>>> print(open('upload.tsv').read())   # TSV, C-alpha atoms
chain	number	residue	atom	x	y	z
A	14	MET	CA	-15.45	38.29	-30.19
A	15	PRO	CA	-14.16	35.18	-32.01
A	16	GLN	CA	-11.35	35.76	-34.49
A	17	LYS	CA	-12.67	34.22	-37.70
A	18	ASN	CA	-10.40	32.32	-40.02
A	19	ASN	CA	-12.12	31.50	-43.29
A	20	LYS	CA	-9.38	29.15	-44.53
A	21	ALA	CA	-8.87	27.06	-41.38
A	22	PRO	CA	-11.69	24.99	-39.85
A	23	TYR	CA	-11.90	26.98	-36.63
A	24	ASP	CA	-12.41	30.39	-35.05
A	25	LEU	CA	-10.11	31.46	-32.22
A	26	LEU	CA	-12.08	32.23	-29.03
A	27	TYR	CA	-9.40	32.63	-26.35
A	28	GLU	CA	-5.68	32.13	-25.82
A	29	ASP	CA	-3.14	32.59	-23.05
A	30	ASP	CA	0.16	30.94	-22.04
A	31	ASP	CA	-1.58	27.74	-20.91
A	32	ILE	CA	-4.48	27.09	-23.27
A	33	ILE	CA	-6.05	27.84	-26.61
A	34	VAL	CA	-9.83	27.68	-27.04
A	35	VAL	CA	-11.41	27.48	-30.47
A	36	TYR	CA	-14.76	26.95	-32.13
A	37	LYS	CA	-14.46	23.90	-34.37
A	38	LYS	CA	-16.44	24.16	-37.57
A	39	ARG	CA	-18.62	21.24	-38.62
A	40	ASP	CA	-17.45	18.42	-40.89
A	41	VAL	CA	-13.82	18.39	-39.81
A	42	PHE	CA	-12.02	15.84	-37.66
A	43	SER	CA	-10.57	16.93	-34.31
A	44	VAL	CA	-7.44	14.84	-35.01
A	45	SER	CA	-6.19	12.76	-37.91
A	46	THR	CA	-7.67	9.34	-38.66
A	47	THR	CA	-6.45	6.34	-40.65
A	48	ASP	CA	-7.65	8.10	-43.80
A	49	PRO	CA	-4.64	9.84	-45.44
A	50	ALA	CA	-6.91	12.73	-46.46
A	51	THR	CA	-7.11	13.69	-42.77
A	52	PHE	CA	-3.35	13.60	-42.06
A	53	THR	CA	-3.09	17.35	-42.60
A	54	HIS	CA	-6.73	18.45	-42.77
A	55	ASN	CA	-7.73	18.11	-39.12
A	56	LEU	CA	-8.21	20.70	-36.41
A	57	PHE	CA	-5.21	19.63	-34.33
A	58	GLN	CA	-2.85	19.96	-37.28
A	59	TYR	CA	-4.11	23.44	-38.12
A	60	LEU	CA	-3.55	24.49	-34.51
A	61	GLN	CA	-0.07	22.94	-34.55
A	62	TRP	CA	0.84	25.12	-37.51
A	63	TYR	CA	-0.59	28.17	-35.74
A	64	ALA	CA	1.33	27.44	-32.51
A	65	ASN	CA	4.58	26.52	-34.25
A	66	ARG	CA	4.80	29.98	-35.76
A	67	LYS	CA	5.08	31.30	-32.20
A	68	GLY	CA	7.46	28.60	-30.99
A	69	GLN	CA	4.70	26.86	-29.04
A	70	LYS	CA	2.84	23.56	-29.23
A	71	VAL	CA	-0.68	22.37	-28.56
A	72	LEU	CA	-1.85	19.20	-26.82
A	73	VAL	CA	-5.17	17.43	-27.32
A	74	VAL	CA	-7.44	17.44	-24.26
A	75	HIS	CA	-10.76	16.18	-25.66
A	76	ARG	CA	-12.49	15.72	-29.02
A	77	LEU	CA	-15.69	16.42	-30.90
A	78	ASP	CA	-17.17	14.23	-33.61
A	79	TYR	CA	-16.51	15.07	-37.25
A	80	GLU	CA	-20.04	16.36	-37.89
A	81	THR	CA	-20.32	18.27	-34.61
A	82	SER	CA	-19.37	21.94	-34.38
A	83	GLY	CA	-18.44	23.53	-31.09
A	84	VAL	CA	-16.13	24.90	-28.44
A	85	MET	CA	-12.92	22.96	-27.80
A	86	ILE	CA	-9.97	23.53	-25.48
A	87	PHE	CA	-6.34	22.57	-26.12
A	88	ALA	CA	-3.45	22.76	-23.66
A	89	LYS	CA	-0.03	24.24	-24.35
A	90	LYS	CA	1.79	22.46	-21.52
A	91	PRO	CA	1.72	18.82	-20.36
A	92	GLU	CA	0.84	19.74	-16.78
A	93	VAL	CA	-2.11	21.85	-17.99
A	94	LYS	CA	-3.32	19.00	-20.19
A	95	GLU	CA	-3.17	16.66	-17.19
A	96	ARG	CA	-5.20	19.03	-14.97
A	97	LEU	CA	-7.82	19.55	-17.65
A	98	GLN	CA	-8.19	15.86	-18.41
A	99	LYS	CA	-8.53	15.09	-14.70
A	100	ALA	CA	-11.36	17.63	-14.54
A	101	PHE	CA	-13.09	15.92	-17.48
A	102	GLU	CA	-12.62	12.49	-15.91
A	103	ALA	CA	-14.01	13.71	-12.57
A	104	ARG	CA	-17.10	15.06	-14.39
A	105	ASN	CA	-16.34	18.57	-13.14
A	106	VAL	CA	-16.45	20.19	-16.58
A	107	GLY	CA	-19.70	21.73	-17.74
A	108	ARG	CA	-20.33	20.56	-21.30
A	109	PHE	CA	-23.33	22.23	-22.90
A	110	TYR	CA	-24.75	21.35	-26.31
A	111	GLU	CA	-27.73	22.20	-28.44
A	112	ALA	CA	-29.47	19.98	-30.96
A	113	VAL	CA	-32.52	20.01	-33.19
A	114	ILE	CA	-34.83	17.03	-33.56
A	115	ALA	CA	-37.46	16.57	-36.24
A	116	GLU	CA	-40.23	15.81	-33.76
A	117	LYS	CA	-42.31	18.56	-32.18
A	118	ILE	CA	-42.45	17.68	-28.48
A	119	PRO	CA	-43.77	19.66	-25.49
A	120	LEU	CA	-41.44	22.42	-24.31
A	121	ASN	CA	-39.59	22.13	-20.98
A	122	GLU	CA	-39.80	18.35	-21.22
A	123	ALA	CA	-36.77	16.94	-19.40
A	124	HIS	CA	-35.08	13.59	-19.99
A	125	HIS	CA	-32.31	12.00	-17.92
A	126	VAL	CA	-30.63	9.28	-19.99
A	127	GLU	CA	-28.13	6.79	-18.57
A	128	GLN	CA	-26.62	4.24	-20.93
A	129	TYR	CA	-23.59	1.98	-21.00
A	130	LEU	CA	-21.77	2.42	-24.30
A	131	LEU	CA	-19.31	-0.04	-25.80
A	132	GLU	CA	-16.72	1.20	-28.28
A	133	GLU	CA	-15.38	-1.34	-30.76
A	134	GLY	CA	-13.18	0.56	-33.21
A	135	PRO	CA	-15.32	3.21	-34.90
A	136	ARG	CA	-18.53	1.43	-33.86
A	137	VAL	CA	-20.35	2.40	-30.67
A	138	SER	CA	-23.28	0.41	-29.31
A	139	VAL	CA	-25.48	0.36	-26.23
A	140	SER	CA	-24.26	-2.36	-23.89
A	141	ASP	CA	-24.39	-3.16	-20.17
A	142	ALA	CA	-22.49	-2.17	-17.02
A	143	GLU	CA	-20.10	-5.09	-17.35
A	144	HIS	CA	-18.91	-4.27	-20.87
A	145	GLY	CA	-19.72	-0.61	-21.51
A	146	LYS	CA	-18.85	2.75	-19.99
A	147	LEU	CA	-21.49	4.90	-18.31
A	148	ALA	CA	-22.87	7.79	-20.37
A	149	ILE	CA	-25.10	10.37	-18.66
A	150	THR	CA	-27.06	12.86	-20.76
A	151	GLU	CA	-29.47	15.57	-19.59
A	152	ILE	CA	-31.90	16.80	-22.26
A	153	VAL	CA	-34.53	19.56	-22.12
A	154	SER	CA	-36.79	20.68	-24.97
A	155	HIS	CA	-36.21	24.43	-25.16
A	156	ASN	CA	-37.94	26.09	-28.12
A	157	TYR	CA	-39.38	25.43	-31.53
A	158	ILE	CA	-37.78	26.44	-34.81
A	159	GLN	CA	-39.14	25.98	-38.29
A	160	ILE	CA	-37.62	22.55	-38.81
A	161	GLY	CA	-38.18	21.01	-35.40
A	162	THR	CA	-37.57	21.28	-31.66
A	163	ALA	CA	-34.35	22.79	-30.28
A	164	LEU	CA	-32.95	20.91	-27.30
A	165	ALA	CA	-30.63	22.10	-24.52
A	166	ILE	CA	-28.28	19.26	-23.60
A	167	GLU	CA	-25.67	18.77	-20.89
A	168	ILE	CA	-23.46	15.72	-20.85
A	169	LYS	CA	-21.95	14.50	-17.59
A	170	THR	CA	-19.63	12.09	-19.40
A	171	GLY	CA	-17.87	12.34	-22.73
A	172	ARG	CA	-18.50	9.17	-24.70
A	173	HIS	CA	-18.29	8.83	-28.47
A	174	ASN	CA	-21.75	9.17	-30.07
A	175	GLN	CA	-23.26	9.69	-26.61
A	176	ILE	CA	-25.82	12.34	-27.58
A	177	ARG	CA	-26.83	10.57	-30.78
A	178	LEU	CA	-27.51	7.33	-28.91
A	179	ALA	CA	-29.31	9.10	-26.06
A	180	LEU	CA	-31.66	10.82	-28.52
A	181	ASP	CA	-32.17	7.56	-30.40
A	182	SER	CA	-33.16	5.84	-27.15
A	183	LEU	CA	-35.93	8.42	-26.77
A	184	HIS	CA	-37.05	7.79	-30.37
A	185	PHE	CA	-36.04	11.31	-31.41
A	186	THR	CA	-34.62	12.06	-34.86
A	187	LEU	CA	-31.47	14.18	-34.68
A	188	LEU	CA	-31.53	16.22	-37.87
A	189	GLY	CA	-28.57	15.47	-40.11
A	190	ASP	CA	-27.44	12.39	-38.19
A	191	LYS	CA	-26.89	9.97	-41.05
A	192	ARG	CA	-25.22	7.33	-38.91
A	193	ILE	CA	-27.86	6.58	-36.27
A	194	ALA	CA	-31.01	8.58	-37.06
A	195	HIS	CA	-30.55	8.06	-40.84
A	196	ASN	CA	-31.57	11.65	-41.51
A	197	GLU	CA	-30.32	13.57	-44.54
A	198	ALA	CA	-30.49	17.22	-43.43
A	199	LYS	CA	-27.94	19.72	-44.80
A	200	ARG	CA	-25.82	19.41	-41.65
A	201	MET	CA	-25.95	17.56	-38.35
A	202	TYR	CA	-27.82	19.83	-35.96
A	203	LEU	CA	-25.53	19.32	-32.98
A	204	ASN	CA	-23.36	22.10	-31.59
A	205	ALA	CA	-21.27	22.38	-28.42
A	206	TYR	CA	-21.76	25.98	-27.40
A	207	LYS	CA	-20.28	26.19	-23.90
A	208	LEU	CA	-17.52	24.75	-21.67
A	209	THR	CA	-16.99	25.60	-17.99
A	210	PHE	CA	-14.11	24.50	-15.76
A	211	PRO	CA	-13.75	24.18	-11.97
A	212	PRO	CA	-11.19	26.19	-9.92
A	213	GLU	CA	-8.92	23.16	-9.55
A	214	ALA	CA	-8.27	23.25	-13.30
A	215	GLY	CA	-6.14	26.31	-12.55
A	216	LEU	CA	-7.23	28.38	-15.55
A	217	LYS	CA	-7.06	32.17	-15.78
A	218	LYS	CA	-10.47	32.07	-17.48
A	219	SER	CA	-12.84	29.23	-16.73
A	220	GLU	CA	-15.87	29.72	-19.00
A	221	PHE	CA	-15.95	29.71	-22.78
A	222	GLU	CA	-18.99	29.98	-25.00
A	223	VAL	CA	-20.42	31.09	-28.31
A	224	ALA	CA	-23.92	32.27	-29.09
A	225	PRO	CA	-26.13	29.20	-29.65
A	226	LEU	CA	-27.25	28.56	-33.20
A	227	TRP	CA	-30.78	27.32	-32.45
A	228	LEU	CA	-31.56	27.83	-28.77
A	229	ALA	CA	-33.57	30.98	-28.16
A	230	ASP	CA	-32.94	33.34	-25.22
A	231	VAL	CA	-30.27	31.26	-23.50
A	232	GLN	CA	-28.94	32.87	-20.31
A	233	SER	CA	-25.14	32.93	-19.92
>>> encode(input="upload.tsv", output="structure tokens")
Amino acid sequence: MPQKNNKAPYDLLYEDDDIIVVYKKRDVFSVSTTDPATFTHNLFQYLQWYANRKGQKVLVVHRLDYETSGVMIFAKKPEVKERLQKAFEARNVGRFYEAVIAEKIPLNEAHHVEQYLLEEGPRVSVSDAEHGKLAITEIVSHNYIQIGTALAIEIKTGRHNQIRLALDSLHFTLLGDKRIAHNEAKRMYLNAYKLTFPPEAGLKKSEFEVAPLWLADVQS
């Protein structure tokens, strides 16, 4: 069971000598930005304080967007960070998300989206193979909820704004996505609920997940 921390923006899911896995709450940055307000209020800093009390440190492996909640892994040793990042780069990490779109679409409808995304500072746009980096997104409509259709999503690459832009390319409205879908829901309905790692990552435990917020009857 996650260890809940009402003051810090995360719940602790798992920890050993090599890694710490947490559930990042929504509307918090993974790391600090150029905004001074984020210099101390960011997930990485909170975990640094937690680790420092035990004479340890944490190292950033990957990130989630500010509005996105979900499972994140941090390394405690440089060699572990390197192994984990190599697994991400090789596309050997299972990265499972859920989202809710405003549209009611047929269930079990699958979409394979390949885009080339160009990052220019905080701005991300759809580009071409010469200028952008490949983003691969697998999307399946899973079940209906009162406010829309819940989607099961797996990303094969980890690009900034990848899921938002993939959904936009399909003319779907991601609820709460003010940046691209221009939707004003109470939160952004995007949650990273599961991470899985290959044997070569060398972890004592290789699968980390939380119960999905909107997907019904998901099999572990």
>>> residues_around(input="upload.tsv", residues="A:Ala21", least_positions_apart="2", cutoff="12 Å", atoms="only C-alpha atoms", output="number ranges by chain")
A: 16-19, 23-25, 35-39, 41, 53-63
>>> residues_around(input="upload.tsv", residues="A:Val93", least_positions_apart="3", cutoff="10 Å", atoms="all atoms listed in the file", output="list in words")
Asp31, Ile32, Leu72, Val74, Phe87, Ala88, Lys89, Lys90, Arg96, Leu97, Gln98, Lys99, Ala214, Gly215 and Leu216 of chain A
>>> residues_around(input="upload.tsv", residues="stretch 112-116 of chain A", least_positions_apart="6", cutoff="9 Å", atoms="all atoms listed in the file", output="number ranges by chain")
A: 157-158, 160-166, 180, 185-188, 201-205, 227-228
>>> residues_around(input="upload.tsv", residues="A:Leu77", least_positions_apart="4", cutoff="10 Å", atoms="only C-alpha atoms", output="JSON, numbers by chain")
{"A": [37, 39, 41, 42, 43, 44, 81, 82, 83, 84, 85, 171, 172, 173, 174, 204, 205]}
>>> closest_residue(input="upload.tsv", among="A:Gly107, A:Glu28, A:Glu102, A:Asn121", to="A:Val71", atoms="only C-alpha atoms")
A:Glu28
>>> residues_around(input="upload.tsv", residues="A:Leu178", least_positions_apart="5", cutoff="9 Å", atoms="only C-alpha atoms", output="compact mmCIF listing (two decimals) with C-alpha atoms, in the frame of the given file")
# COMPACT_ATOMS: atom_id res chain seq x y z
CA GLN A 128 -26.62 4.24 -20.93
CA LEU A 130 -21.77 2.42 -24.30
CA VAL A 137 -20.35 2.40 -30.67
CA SER A 138 -23.28 0.41 -29.31
CA VAL A 139 -25.48 0.36 -26.23
CA LEU A 183 -35.93 8.42 -26.77
CA ILE A 193 -27.86 6.58 -36.27
CA ALA A 194 -31.01 8.58 -37.06
>>> atom_distance(input="upload.tsv", atom1="atom CA of A:Glu127", atom2="atom CA of A:Arg177")
12.8 Å
>>> closest_residue(input="upload.tsv", among="A:Ala198, A:Ile149, A:Ala103, A:Ala64", to="A:Asp30", atoms="only C-alpha atoms")
A:Ala64
>>> residues_near_point(input="upload.tsv", point="(-25.2, 31.5, -27.8)", cutoff="12 Å", atoms="only C-alpha atoms", output="ChimeraX atom specification")
/A:83-84,109-111,165,204-208,221-233
>>> axis_aligned_box(input="upload.tsv", around="stretch 54-69 of chain A", padding_each_side="4 Å", output="JSON")
{"center_x": -0.4, "center_y": 24.7, "center_z": -35.9, "size_x": 23.7, "size_y": 21.2, "size_z": 21.7}
>>> closest_residue(input="upload.tsv", among="A:Pro22, A:Ile168, A:Tyr129, A:Asp29", to="A:Asp141", atoms="all atoms listed in the file")
A:Tyr129
>>> atom_distance(input="upload.tsv", atom1="atom CA of A:Thr170", atom2="atom CA of A:Pro119")
26.0 Å
>>> decode(input="upload.tsv", residues="stretch 77-95 of chain A", atoms="N, CA, C and O atoms", output="JSON list (two decimals), in the first residue's frame")
[["chain", "number", "residue", "atom", "x", "y", "z"],
["A", 77, "LEU", "N", 7.58, 13.74, -15.35],
["A", 77, "LEU", "CA", 6.18, 13.85, -15.78],
["A", 77, "LEU", "C", 5.83, 15.32, -15.83],
["A", 77, "LEU", "O", 6.37, 16.13, -15.06],
["A", 78, "ASP", "N", 4.91, 15.66, -16.71],
["A", 78, "ASP", "CA", 4.46, 17.05, -16.81],
["A", 78, "ASP", "C", 3.83, 17.53, -15.51],
["A", 78, "ASP", "O", 3.32, 16.73, -14.72],
["A", 79, "TYR", "N", 3.82, 18.82, -15.34],
["A", 79, "TYR", "CA", 3.26, 19.47, -14.15],
["A", 79, "TYR", "C", 1.84, 18.99, -13.85],
["A", 79, "TYR", "O", 1.52, 18.61, -12.73],
["A", 80, "GLU", "N", 0.99, 18.96, -14.86],
["A", 80, "GLU", "CA", -0.42, 18.62, -14.64],
["A", 80, "GLU", "C", -0.68, 17.12, -14.51],
["A", 80, "GLU", "O", -1.76, 16.71, -14.10],
["A", 81, "THR", "N", 0.30, 16.30, -14.90],
["A", 81, "THR", "CA", 0.12, 14.86, -14.93],
["A", 81, "THR", "C", 0.47, 14.23, -13.60],
["A", 81, "THR", "O", 1.54, 14.49, -13.05],
["A", 82, "SER", "N", -0.41, 13.38, -13.08],
["A", 82, "SER", "CA", -0.10, 12.59, -11.89],
["A", 82, "SER", "C", 0.45, 11.25, -12.34],
["A", 82, "SER", "O", 0.22, 10.82, -13.48],
["A", 83, "GLY", "N", 1.16, 10.56, -11.43],
["A", 83, "GLY", "CA", 1.58, 9.22, -11.82],
["A", 83, "GLY", "C", 2.81, 8.69, -11.15],
["A", 83, "GLY", "O", 3.47, 9.34, -10.33],
["A", 84, "VAL", "N", 3.13, 7.44, -11.52],
["A", 84, "VAL", "CA", 4.24, 6.69, -10.95],
["A", 84, "VAL", "C", 5.55, 7.18, -11.55],
["A", 84, "VAL", "O", 5.69, 7.29, -12.77],
["A", 85, "MET", "N", 6.52, 7.46, -10.67],
["A", 85, "MET", "CA", 7.85, 7.89, -11.10],
["A", 85, "MET", "C", 8.91, 7.13, -10.33],
["A", 85, "MET", "O", 8.72, 6.79, -9.16],
["A", 86, "ILE", "N", 10.04, 6.89, -10.98],
["A", 86, "ILE", "CA", 11.16, 6.21, -10.34],
["A", 86, "ILE", "C", 12.36, 7.14, -10.28],
["A", 86, "ILE", "O", 12.63, 7.90, -11.21],
["A", 87, "PHE", "N", 13.07, 7.12, -9.15],
["A", 87, "PHE", "CA", 14.30, 7.87, -8.95],
["A", 87, "PHE", "C", 15.39, 6.89, -8.52],
["A", 87, "PHE", "O", 15.11, 5.91, -7.80],
["A", 88, "ALA", "N", 16.61, 7.15, -8.94],
["A", 88, "ALA", "CA", 17.74, 6.31, -8.56],
["A", 88, "ALA", "C", 18.44, 6.89, -7.34],
["A", 88, "ALA", "O", 18.36, 8.09, -7.07],
["A", 89, "LYS", "N", 19.14, 6.03, -6.61],
["A", 89, "LYS", "CA", 19.93, 6.48, -5.47],
["A", 89, "LYS", "C", 21.43, 6.44, -5.76],
["A", 89, "LYS", "O", 22.22, 6.97, -4.99],
["A", 90, "LYS", "N", 21.80, 5.80, -6.87],
["A", 90, "LYS", "CA", 23.21, 5.66, -7.22],
["A", 90, "LYS", "C", 23.40, 5.99, -8.71],
["A", 90, "LYS", "O", 22.52, 5.67, -9.52],
["A", 91, "PRO", "N", 24.53, 6.60, -9.06],
["A", 91, "PRO", "CA", 24.75, 6.96, -10.47],
["A", 91, "PRO", "C", 24.67, 5.78, -11.43],
["A", 91, "PRO", "O", 24.11, 5.90, -12.52],
["A", 92, "GLU", "N", 25.22, 4.62, -11.03],
["A", 92, "GLU", "CA", 25.19, 3.48, -11.93],
["A", 92, "GLU", "C", 23.77, 2.94, -12.14],
["A", 92, "GLU", "O", 23.44, 2.44, -13.21],
["A", 93, "VAL", "N", 22.93, 3.08, -11.11],
["A", 93, "VAL", "CA", 21.53, 2.66, -11.26],
["A", 93, "VAL", "C", 20.79, 3.63, -12.18],
["A", 93, "VAL", "O", 20.02, 3.23, -13.05],
["A", 94, "LYS", "N", 21.04, 4.92, -12.00],
["A", 94, "LYS", "CA", 20.45, 5.92, -12.89],
["A", 94, "LYS", "C", 20.81, 5.63, -14.35],
["A", 94, "LYS", "O", 19.94, 5.69, -15.23],
["A", 95, "GLU", "N", 22.07, 5.30, -14.59],
["A", 95, "GLU", "CA", 22.53, 5.03, -15.95],
["A", 95, "GLU", "C", 21.82, 3.82, -16.55],
["A", 95, "GLU", "O", 21.37, 3.85, -17.70]]
